[in-house]
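Contents: one structure, followed by commentary.
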Amino acid sequence: MTDWILSPQSTPVAALTEVPLDRRNSLRDGPGDHATYRAAHDTIPALREVERGGPAPQADGATGWLRVVGWNVERLRHLTALAARIEAQAPDVCLLTEIDKGMTRTGNGHLLADLSARLVQGYAYGLEFVELDRGSPAERATVPDTPNALGFHGNAVLSRLALHRPAILRLEAEGTWFDGTRGEPRVGGRMAVAAQVMLDARPVTVVAVHLESHSDPAHRAGQATRLMDLIDQYDPAAPVVIAGDFNTSTWDWPRTMRDGDGTDPLRRLRPQPHEPLFDAFTARGYDWRGANVPDVPTQRLWAPDPGRTLGKIDWVFTRGLHARNPAVLPATYPDGATASDHEGLYVEVAHAVP
């Protein structure tokens with residue numbers, strides 16, 4: 001791995017550097033070997049940049065309890081409904097994953113900028129992947145045969161407060177999505193976006209993360225450990241709140257889509273015994289018990305599937321903070337129509353008593 005993968009990256013830009021369409025097409029249609037992937041991965045500037053944008057901060061910092069929303073917004077294609085749910089929480093910080101920029105499947109727009117303007121919150125955005133096609137096979141079948149304007153897909157931190165030291169925490173460069181065998185050719189890998197906000201005049205590290213879906217419990221624990229290592233490089237002393245999609249299905253892919261042997265009907269809702277990442281977090285001083293609603297799934301289906309049990313795969317982890325009032329936010333329009341395949345998370349955090 002190159003050095004920039006081994007440490008937080010924080011090259012600030014007003015807009016991520018575009019990858020020309022002819023290069024994206026060449027990578028999509030060319031060799032799918034790992035050497036070709038790494039050559040692309042290590043020479044695409046956008047994978048090392050943090051895009052800063054949105055309105056100016058409403059405040060330099062907060063006092064008391066910090067209101068946090070975490071959400072896998074599934075491309076942000078249903079921005080209006082999700083924005084309304086987020087606005088209702090009056091959050092200080094939003095930790096969001098799966099956000100498109102310049103993707104045909106979401107209208108080739110800059111959806112994060114639109115959300116940022118509506119929430120009146122500044123943002124820091126980093127790339128998980130440069131998409132080399134128009135999305136998954138199902139998405140390609142339902143969207144126009146129009147090239148992606150940019151092909152960007154990533155995670156973001158938004159806040160009404162000043163965002164300090166935004167950085168990319170890149171968890172891997174394995175290239176397992178590159179050759180198209182998973183149906184969605186991409187350059188990049190799972191990552192987190194970190195930044196700091198001031199709470200009671202002290203910095204708090206806030207992190208939006210997305211772990212690999214096509215994986216197994218041991219692999220997810222490895223990515224979680226790498227995330228904690230990078231956070232310690234970023235700031236070993238500051239309190240931390242992490243929110244994101246940890247894909248804690250309890251199974252190896254592709255069994256994630258079904259219940260497996262069915263011996264434990266609560267397995268998907270109580271994944272802790274089957275997912276070593278929980279022990280890894282606990283060993284490093286992180287807590288999840290006070291920041292999450294127990295036994296409530298965070299997956300949402302677009303269509304009924306009697307063979308699938310909804311799981312609790314999205315989580316908040318904290319270090320050095322008290323947590324209260326956790327909630328699961330429905331990913332729906334007012335009429336009940338689905339707006340994301342993940343429910344949202346809400347929690348309030350404050351500095352721990354010494």
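How things are named: the first chain in the structure tokens is A, the next is B, and so on; residues count from 1 in each chain; ligands count from 1 in the order shown.
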Looking only at the backbone, which of the residues in region 60-287 of chain A does DSSP tag as strand (DSSP E), as a PyMOL selection string? chain A and resi 61-62+66-75+93-101+122-131+152-159+164-170+186-188+191-199+202-210+240-245
Compile a residue-level contact table for region 106-167 of chain A against region 186-189 of chain A at a cut-off of 9 Å, reporting for every qualifying residue the shortest atom pair and its distance in Å to one decimal, with only C-alpha atoms counted, rows ordered by chain and ascending number, as a tab-separated table.
```
residue	atom	partner	partner_atom	distance
A:Leu127	CA	A:Gly188	CA	7.7
A:Glu128	CA	A:Gly189	CA	5.5
A:Phe129	CA	A:Gly188	CA	4.4
A:Val130	CA	A:Val187	CA	5.2
A:Glu131	CA	A:Arg186	CA	4.7
A:Leu132	CA	A:Arg186	CA	5.4
A:Asp133	CA	A:Arg186	CA	7.8
```
Residue selection dump (N, CA and C atoms) as a short mmCIF file (atom, residue, chain, number, x, y, z; two decimals), in the first residue's frame:
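What follows is the written file selection.cif:
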```cif
data_model
loop_
_atom_site.label_atom_id
_atom_site.label_comp_id
_atom_site.auth_asym_id
_atom_site.auth_seq_id
_atom_site.Cartn_x
_atom_site.Cartn_y
_atom_site.Cartn_z
N LEU A 127 -14.49 10.47 -1.26
CA LEU A 127 -14.90 9.39 -2.16
C LEU A 127 -14.64 8.02 -1.57
N GLU A 128 -15.66 7.19 -1.64
CA GLU A 128 -15.49 5.76 -1.46
C GLU A 128 -15.06 5.15 -2.79
N PHE A 129 -15.81 5.48 -3.84
CA PHE A 129 -15.54 4.89 -5.15
C PHE A 129 -15.69 5.91 -6.27
N VAL A 130 -14.87 5.73 -7.30
CA VAL A 130 -15.16 6.28 -8.62
C VAL A 130 -15.89 5.19 -9.38
N GLU A 131 -17.15 5.43 -9.70
CA GLU A 131 -17.98 4.43 -10.40
C GLU A 131 -17.64 4.45 -11.88
N LEU A 132 -17.37 3.27 -12.44
CA LEU A 132 -16.97 3.15 -13.84
C LEU A 132 -18.13 2.85 -14.77
N ASP A 133 -19.31 2.61 -14.19
CA ASP A 133 -20.52 2.40 -14.98
C ASP A 133 -21.66 3.12 -14.27
#
```
Please identify all polymer residues within 7 Å of Tyr333 (chain A), counting only C-alpha atoms, omitting same-chain residues fewer than 5 positions from it, and present them as a PyMOL selection string. chain A and resi 81+338-339
Nearest candidate to Ala192 (chain A) (options A:Val296, A:Leu329, A:Leu47, A:Val73; using only C-alpha atoms): A:Leu47
Within 10 Å of His219 (chain A), counting only C-alpha atoms, which residues show up once you throw out same-chain ones fewer than 6 positions away? Write them as a PDB file with N, CA and C atoms, in the first residue's frame, please.
```
ATOM      1  N   LEU A 211     -18.550   0.168   6.158  1.00  0.00           N
ATOM      2  CA  LEU A 211     -17.737  -1.036   6.036  1.00  0.00           C
ATOM      3  C   LEU A 211     -18.227  -1.883   4.859  1.00  0.00           C
ATOM      4  N   GLU A 212     -17.384  -2.806   4.440  1.00  0.00           N
ATOM      5  CA  GLU A 212     -17.652  -3.621   3.257  1.00  0.00           C
ATOM      6  C   GLU A 212     -18.881  -4.520   3.465  1.00  0.00           C
ATOM      7  N   THR A 225     -10.946  -2.245  13.159  1.00  0.00           N
ATOM      8  CA  THR A 225      -9.673  -2.023  13.848  1.00  0.00           C
ATOM      9  C   THR A 225      -8.835  -1.000  13.107  1.00  0.00           C
ATOM     10  N   ASP A 252     -21.247 -14.602   6.396  1.00  0.00           N
ATOM     11  CA  ASP A 252     -20.362 -14.357   5.273  1.00  0.00           C
ATOM     12  C   ASP A 252     -21.229 -14.061   4.043  1.00  0.00           C
ATOM     13  N   GLU A 275     -20.248 -10.991  15.678  1.00  0.00           N
ATOM     14  CA  GLU A 275     -19.462  -9.971  14.986  1.00  0.00           C
ATOM     15  C   GLU A 275     -18.336  -9.496  15.911  1.00  0.00           C
ATOM     16  N   PRO A 276     -17.112  -9.955  15.698  1.00  0.00           N
ATOM     17  CA  PRO A 276     -16.017  -9.596  16.610  1.00  0.00           C
ATOM     18  C   PRO A 276     -15.673  -8.109  16.625  1.00  0.00           C
ATOM     19  N   LEU A 277     -16.214  -7.326  15.717  1.00  0.00           N
ATOM     20  CA  LEU A 277     -15.906  -5.893  15.756  1.00  0.00           C
ATOM     21  C   LEU A 277     -16.413  -5.247  17.041  1.00  0.00           C
TER      22      LEU A 277
END
```
Excluding Gly222 (chain A) and its own-chain neighbours fewer than 4 positions away, which residues fall within 9 Å of it when counting only C-alpha atoms? Please give them as a VMD selection string. chain A and resid 217 to 218 226 to 227 277 280
Polymer residues at most 10 Å from Leu112 (chain A), only C-alpha atoms, same-chain spacing of 5 or more positions, as JSON, numbers by chain: {"A": [53, 54, 75, 76, 79, 96, 99, 100, 101, 117, 118, 122, 123, 124, 125, 155, 156, 158]}
With C-alpha atoms retained, write the just-selected residues as a PDB file, in the first residue's frame.
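Everything below was put into selection-v2.pdb:
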```
ATOM      1  CA  GLY A  53     -18.599  23.259   0.666  1.00  0.00           C
ATOM      2  CA  GLY A  54     -21.942  24.542   1.789  1.00  0.00           C
ATOM      3  CA  ARG A  75     -27.369   7.381  -3.145  1.00  0.00           C
ATOM      4  CA  LEU A  76     -29.444  10.268  -1.673  1.00  0.00           C
ATOM      5  CA  LEU A  79     -33.375  13.744  -0.882  1.00  0.00           C
ATOM      6  CA  LEU A  96     -23.948  10.255   6.080  1.00  0.00           C
ATOM      7  CA  ILE A  99     -23.880   9.831  -1.470  1.00  0.00           C
ATOM      8  CA  ASP A 100     -23.732  10.247  -5.258  1.00  0.00           C
ATOM      9  CA  LYS A 101     -22.215  13.145  -7.136  1.00  0.00           C
ATOM     10  CA  ALA A 117     -28.154  24.140   1.307  1.00  0.00           C
ATOM     11  CA  ARG A 118     -31.480  22.874   2.618  1.00  0.00           C
ATOM     12  CA  GLY A 122     -21.432  23.009   5.676  1.00  0.00           C
ATOM     13  CA  TYR A 123     -19.980  19.706   4.538  1.00  0.00           C
ATOM     14  CA  ALA A 124     -16.843  17.650   4.065  1.00  0.00           C
ATOM     15  CA  TYR A 125     -17.162  14.954   1.379  1.00  0.00           C
ATOM     16  CA  ASN A 155     -19.476   9.658   2.510  1.00  0.00           C
ATOM     17  CA  ALA A 156     -19.805  13.015   4.244  1.00  0.00           C
ATOM     18  CA  LEU A 158     -22.276  17.904   7.626  1.00  0.00           C
TER      19      LEU A 158
END
```
Write out as number ranges by chain which residues come within 10 Å of region 22-34 of chain A when counting only C-alpha atoms, dropping same-chain ones fewer than 5 positions away. A: 39-40, 130-133, 147-148, 150-151, 173-181, 184-187
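Proximity ranking of A:Glu49, A:Asp200, A:Glu18, A:Glu343 relative to Leu66 (chain A) places A:Asp200 first, based on only C-alpha atoms.
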